[in-house]
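Colleague: I am attaching a structure below and will ask some questions about it afterwards.
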Amino acid sequence: MNSEVSHTAVSGIRLSRQALTDPAGKTRYDSLFRRLSPVQPGYWTYPGSPPLLAHRASFDDTAYNDSRRADRRIIKTRLMGGNVAYIDIRDLELFACAYRNENYRLTRDDTDMLELLRGEGPVNIRFIKEITGRFSKNISPVLHKLQRNSLVFEDQVDSDWDRCFYLFETEFPDINLQRYPRTEALCRILPQFIEMNVFADEKSIRSFFCFNLKDIKTALSVLLGKGIIAEAVCNNRLGYILASDLVILQKEREQQPSVFVFHRNDFLVKSQEAELKARFSSHDWDILQYILIDGEFSGAVAGKFKNGPFVLKDILLDPSANIKPGRKKEIINAVYQVNNKELSPLQRYNGTVL
C-alpha cells in the first residue's frame with residue numbers, strides 16, 4: 001500500500017530545500033546549483049545570458065554565475081531537449097553519460113565539422129562560414145547536435161554572441177563518456193531531483209529533464225528496489241519521495257504565506273511545465289511568468305515579450321485556488337519584484353482594469 005503524504009508538508013519542505021524561505025549565501029548556493037541542475041538562463045533573455053536561481057540567492061547570482069562560467073566552474077551544455085543549460089564542471093561526466101545517444105551515428109556533416117575542429121579549432125561560427133561557405137542556419141544545427149552528444153563544447157565565457165567551439169575530447173580529456181551506463185547515470189541524478197521537489201512523478205521528471213520515459217521507468221524501478229525512493233500519494237496523485245523523507249512527510253506542517261514570480265525556465269516551472277501550460281493560457285497574450293502562492297502555482301502573468309520593457313497585460317488566477325481578495329496587493333508587489341513598475345505597469349488583475 002502506498003503511503004499518503006501531506007500536501008502542505010511537501011510544499012513547505014520544498015520551499016525550504018530550495019532556499020526560497022532562506023536565500024543561500026555563496027557556499028550553500030554552489031551546492032544548491034548542483035542539486036537543481038541543469039540550470040537554464042531566464043526564459044525571456046538573450047542566448048548569452050548566464051543562468052540564475054530566481055529568489056534563491058542572498059546576492060546577485062547572475063553576476064556570480066557570469067564569473068563562474070568564465071573560468072569554467074560551470075559549463076554550458078545543450079541538454080534537456082537541446083536547450084541551453086549549465087552544469088557544475090564536477091557533474092559534466094555524469095550528465096554527458098546520461099544524455100548522450102549511445103547509438104548515435106555520425107552523418108557526413110558531423111564528420112566534416114569534427115574534422116574542421118581538429119584542424120582549425122577552436123573556431124567560431126563566422127570562421128566556419130568563411131571556410132565552408134555555408135550559412136549559419138546550416139552550421140548551428142550540426143554544432144548543437146554534436147554538443148548534445150558531448151562531441152563538441154561551446155565555451156560561453158561571457159554574454160558575447162561570438163563564442164568559440166572546441167572538440168569536447170581535447171578540452172575535457174579526463175571525461176569518460178562510458179563511465180556510467182544510462183540507467184546508472186539516471187539512478188544518480190533522479191534522487192536529487194526527487195529530493196528537491198520533495199514529491200515527483202514520471203511526468204514531472206520527463207518534463208524537466210526530457211529523458212526517454214522508458215529510461216525513467218527503468219531507473220525508478222532500480223531505485224525502488226534499492227529502497228532509495230518510495231511510492232507515495234500526494235493530493236490524490238501517485239509519485240515518488242525519498243524513502244528517508246517518509247516520516248517527516250506524514251506530519252502536517254504549518255504553511256507560511258508567500259508569493260514568488262518565476263520565469264518559465266525555472267526549476268519549479270520546468271518540473272510542472274506541461275500541467276502549467278494546460279492550466280494557464282491566453283489567446284491574445286504570452287504567458288510571461290508563473291506565480292507561486294503559498295508553495296503552489298496558482299497564477300500567471302500574461303503579456304507581451306519585447307526587447308525592452310515587457311507589456312504586462314493581466315494576472316491570471318486559478319479559480320480553484322481560492323485566492324483571497326486581500327492578497328491582491330501582495331501578489332502585485334511580487335510581480336513588480338521581477339518587473340519594472342515604471343516601465344512595465346500592470347494593466348489588469350484577474351481581468352479587472354487597474
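Within each chain, counting starts at residue 1; across the C-alpha cells, chains are named A, B, ... in the order shown, with ligands numbered 1 upward in that order.
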Segment 137-326 of chain A: which residues are helix (DSSP H, G or I) by DSSP, as a ChimeraX atom specification?

Modeller: /A:137-148,168-171,182-197,202-209,213-225,243-249,267-271,273-279,319-321,325-326

Colleague: Name all residues at most 12 Å from segment 292-294 of chain A (count only C-alpha atoms; drop same-chain ones fewer than 3 positions away) and give them as JSON, numbers by chain.

Modeller: {"A": [7, 8, 9, 10, 11, 12, 13, 14, 15, 20, 21, 55, 254, 255, 256, 257, 258, 259, 260, 261, 262, 263, 266, 268, 269, 272, 276, 289, 297, 298, 299, 300, 301, 317, 318, 321, 322, 323, 324, 327, 328, 330, 331, 332, 334, 335]}

Colleague: I'd like the neighbourhood of segment 62-67 of chain A as a list in words, where a residue qualifies if any of its atoms comes within 7 Å (using only C-alpha atoms), though same-chain residues fewer than 3 positions away should be ignored.

Modeller: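 So the residues in contact are Pro50, Pro51, Leu52, Ala70, Asp71 and Asp158 of chain A.
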
Colleague: From segment 72-293 of chain A, collect each residue whose DSSP state is strand (DSSP E or B) and return the set as a count of residues only.

Modeller: 47

Colleague: Please, what distance in Å, to one decimal, runs between atom CA of Leu151 of chain A and atom CA of Cys97 of chain A?

Modeller: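 Here the two named atoms are 11.8 Å from each other.
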
Colleague: Quote the spacing between atom CA of Leu343 of chain A and atom CA of Gly326 of chain A in Å to one decimal place.

Modeller: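 These two atoms are separated by 25.8 Å.
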
Colleague: Kindly assemble as a Markdown table a list of the segment 238-331 of chain A residues that lie within 12 Å of segment 80-91 of chain A, each paired with its nearest atom pair and their distance in Å to one decimal, using only C-alpha atoms, sorted first by chain and then by ascending residue number.

Modeller:
```
| residue | atom | partner | partner_atom | distance |
| --- | --- | --- | --- | --- |
| A:Asn265 | CA | A:Ala85 | CA | 9.8 |
| A:Asp266 | CA | A:Ala85 | CA | 11.2 |
| A:Phe267 | CA | A:Ala85 | CA | 11.3 |
| A:Lys270 | CA | A:Met80 | CA | 10.1 |
| A:Ser271 | CA | A:Met80 | CA | 11.7 |
```

Colleague: Which residues are close to segment 132-148 of chain A, i.e. within 12 Å by only C-alpha atoms, leaving aside same-chain residues fewer than 5 positions away? Reply as a ChimeraX atom specification.

Modeller: /A:75-85,95-102,104-114,116-117,123-127,153-155,164-169

Colleague: Given the selection you just returned, output its residues as a file containing C-alpha atoms, formatted as a PDB file, in the first residue's frame.

Modeller:
```pdb
ATOM      1  CA  ILE A  75      29.822  24.622 -18.198  1.00  0.00           C
ATOM      2  CA  LYS A  76      27.405  25.495 -20.983  1.00  0.00           C
ATOM      3  CA  THR A  77      25.652  22.460 -22.442  1.00  0.00           C
ATOM      4  CA  ARG A  78      22.696  21.677 -24.669  1.00  0.00           C
ATOM      5  CA  LEU A  79      20.718  19.180 -22.653  1.00  0.00           C
ATOM      6  CA  MET A  80      17.012  18.913 -21.773  1.00  0.00           C
ATOM      7  CA  GLY A  81      15.877  18.522 -25.373  1.00  0.00           C
ATOM      8  CA  GLY A  82      18.739  20.569 -26.779  1.00  0.00           C
ATOM      9  CA  ASN A  83      18.143  23.670 -24.660  1.00  0.00           C
ATOM     10  CA  VAL A  84      20.978  25.779 -23.287  1.00  0.00           C
ATOM     11  CA  ALA A  85      21.654  24.753 -19.692  1.00  0.00           C
ATOM     12  CA  PHE A  95      25.281  14.393 -17.339  1.00  0.00           C
ATOM     13  CA  ALA A  96      27.242  13.627 -20.508  1.00  0.00           C
ATOM     14  CA  CYS A  97      26.686   9.916 -19.901  1.00  0.00           C
ATOM     15  CA  ALA A  98      23.007  10.469 -19.076  1.00  0.00           C
ATOM     16  CA  TYR A  99      22.204  12.419 -22.227  1.00  0.00           C
ATOM     17  CA  ARG A 100      24.454  11.160 -24.984  1.00  0.00           C
ATOM     18  CA  ASN A 101      22.914   8.869 -27.595  1.00  0.00           C
ATOM     19  CA  GLU A 102      24.843   5.641 -27.247  1.00  0.00           C
ATOM     20  CA  TYR A 104      24.272   7.812 -32.485  1.00  0.00           C
ATOM     21  CA  ARG A 105      25.758   7.519 -35.977  1.00  0.00           C
ATOM     22  CA  LEU A 106      27.756  10.424 -37.331  1.00  0.00           C
ATOM     23  CA  THR A 107      26.474  11.993 -40.541  1.00  0.00           C
ATOM     24  CA  ARG A 108      28.704  13.404 -43.281  1.00  0.00           C
ATOM     25  CA  ASP A 109      28.032  16.915 -41.959  1.00  0.00           C
ATOM     26  CA  ASP A 110      29.009  15.787 -38.447  1.00  0.00           C
ATOM     27  CA  THR A 111      32.255  14.260 -39.677  1.00  0.00           C
ATOM     28  CA  ASP A 112      33.134  17.344 -41.713  1.00  0.00           C
ATOM     29  CA  MET A 113      32.521  19.586 -38.706  1.00  0.00           C
ATOM     30  CA  LEU A 114      34.659  17.441 -36.398  1.00  0.00           C
ATOM     31  CA  LEU A 116      37.315  21.144 -39.235  1.00  0.00           C
ATOM     32  CA  LEU A 117      37.600  21.497 -35.469  1.00  0.00           C
ATOM     33  CA  VAL A 123      36.563  28.261 -34.198  1.00  0.00           C
ATOM     34  CA  ASN A 124      33.501  30.475 -34.124  1.00  0.00           C
ATOM     35  CA  ILE A 125      30.546  30.326 -36.499  1.00  0.00           C
ATOM     36  CA  ARG A 126      31.802  33.299 -38.521  1.00  0.00           C
ATOM     37  CA  PHE A 127      35.057  31.456 -39.257  1.00  0.00           C
ATOM     38  CA  PHE A 153      31.993  22.046 -26.443  1.00  0.00           C
ATOM     39  CA  GLU A 154      30.713  25.629 -26.741  1.00  0.00           C
ATOM     40  CA  ASP A 155      32.713  27.941 -24.499  1.00  0.00           C
ATOM     41  CA  CYS A 164      34.143  29.530 -29.795  1.00  0.00           C
ATOM     42  CA  PHE A 165      33.547  25.830 -30.350  1.00  0.00           C
ATOM     43  CA  TYR A 166      36.063  23.141 -29.374  1.00  0.00           C
ATOM     44  CA  LEU A 167      36.376  19.402 -29.634  1.00  0.00           C
ATOM     45  CA  PHE A 168      34.975  18.052 -26.377  1.00  0.00           C
ATOM     46  CA  GLU A 169      37.723  15.439 -26.067  1.00  0.00           C
TER      47      GLU A 169
END
```

Colleague: Could you tell me which of A:Thr170, A:Glu93, A:Thr352, A:Asp162 comes closest to Gly121 of chain A if we count only C-alpha atoms?

Modeller: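 Comparing A:Thr170, A:Glu93, A:Thr352, A:Asp162 against Gly121 of chain A, the winner is A:Thr170.
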
Colleague: Restricting the calculation to only C-alpha atoms: of A:Ile128, A:Val233, A:Leu224, A:Leu94, which residue gets closest to Leu186 of chain A?

Modeller: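 Going through A:Ile128, A:Val233, A:Leu224, A:Leu94 one by one, the smallest distance to Leu186 of chain A is for A:Leu94.
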
Colleague: If you measure from atom CA of Leu213 of chain A to atom CA of Ala230 of chain A, what distance in Å do you get, rounded to one decimal?

Modeller: 18.5 Å
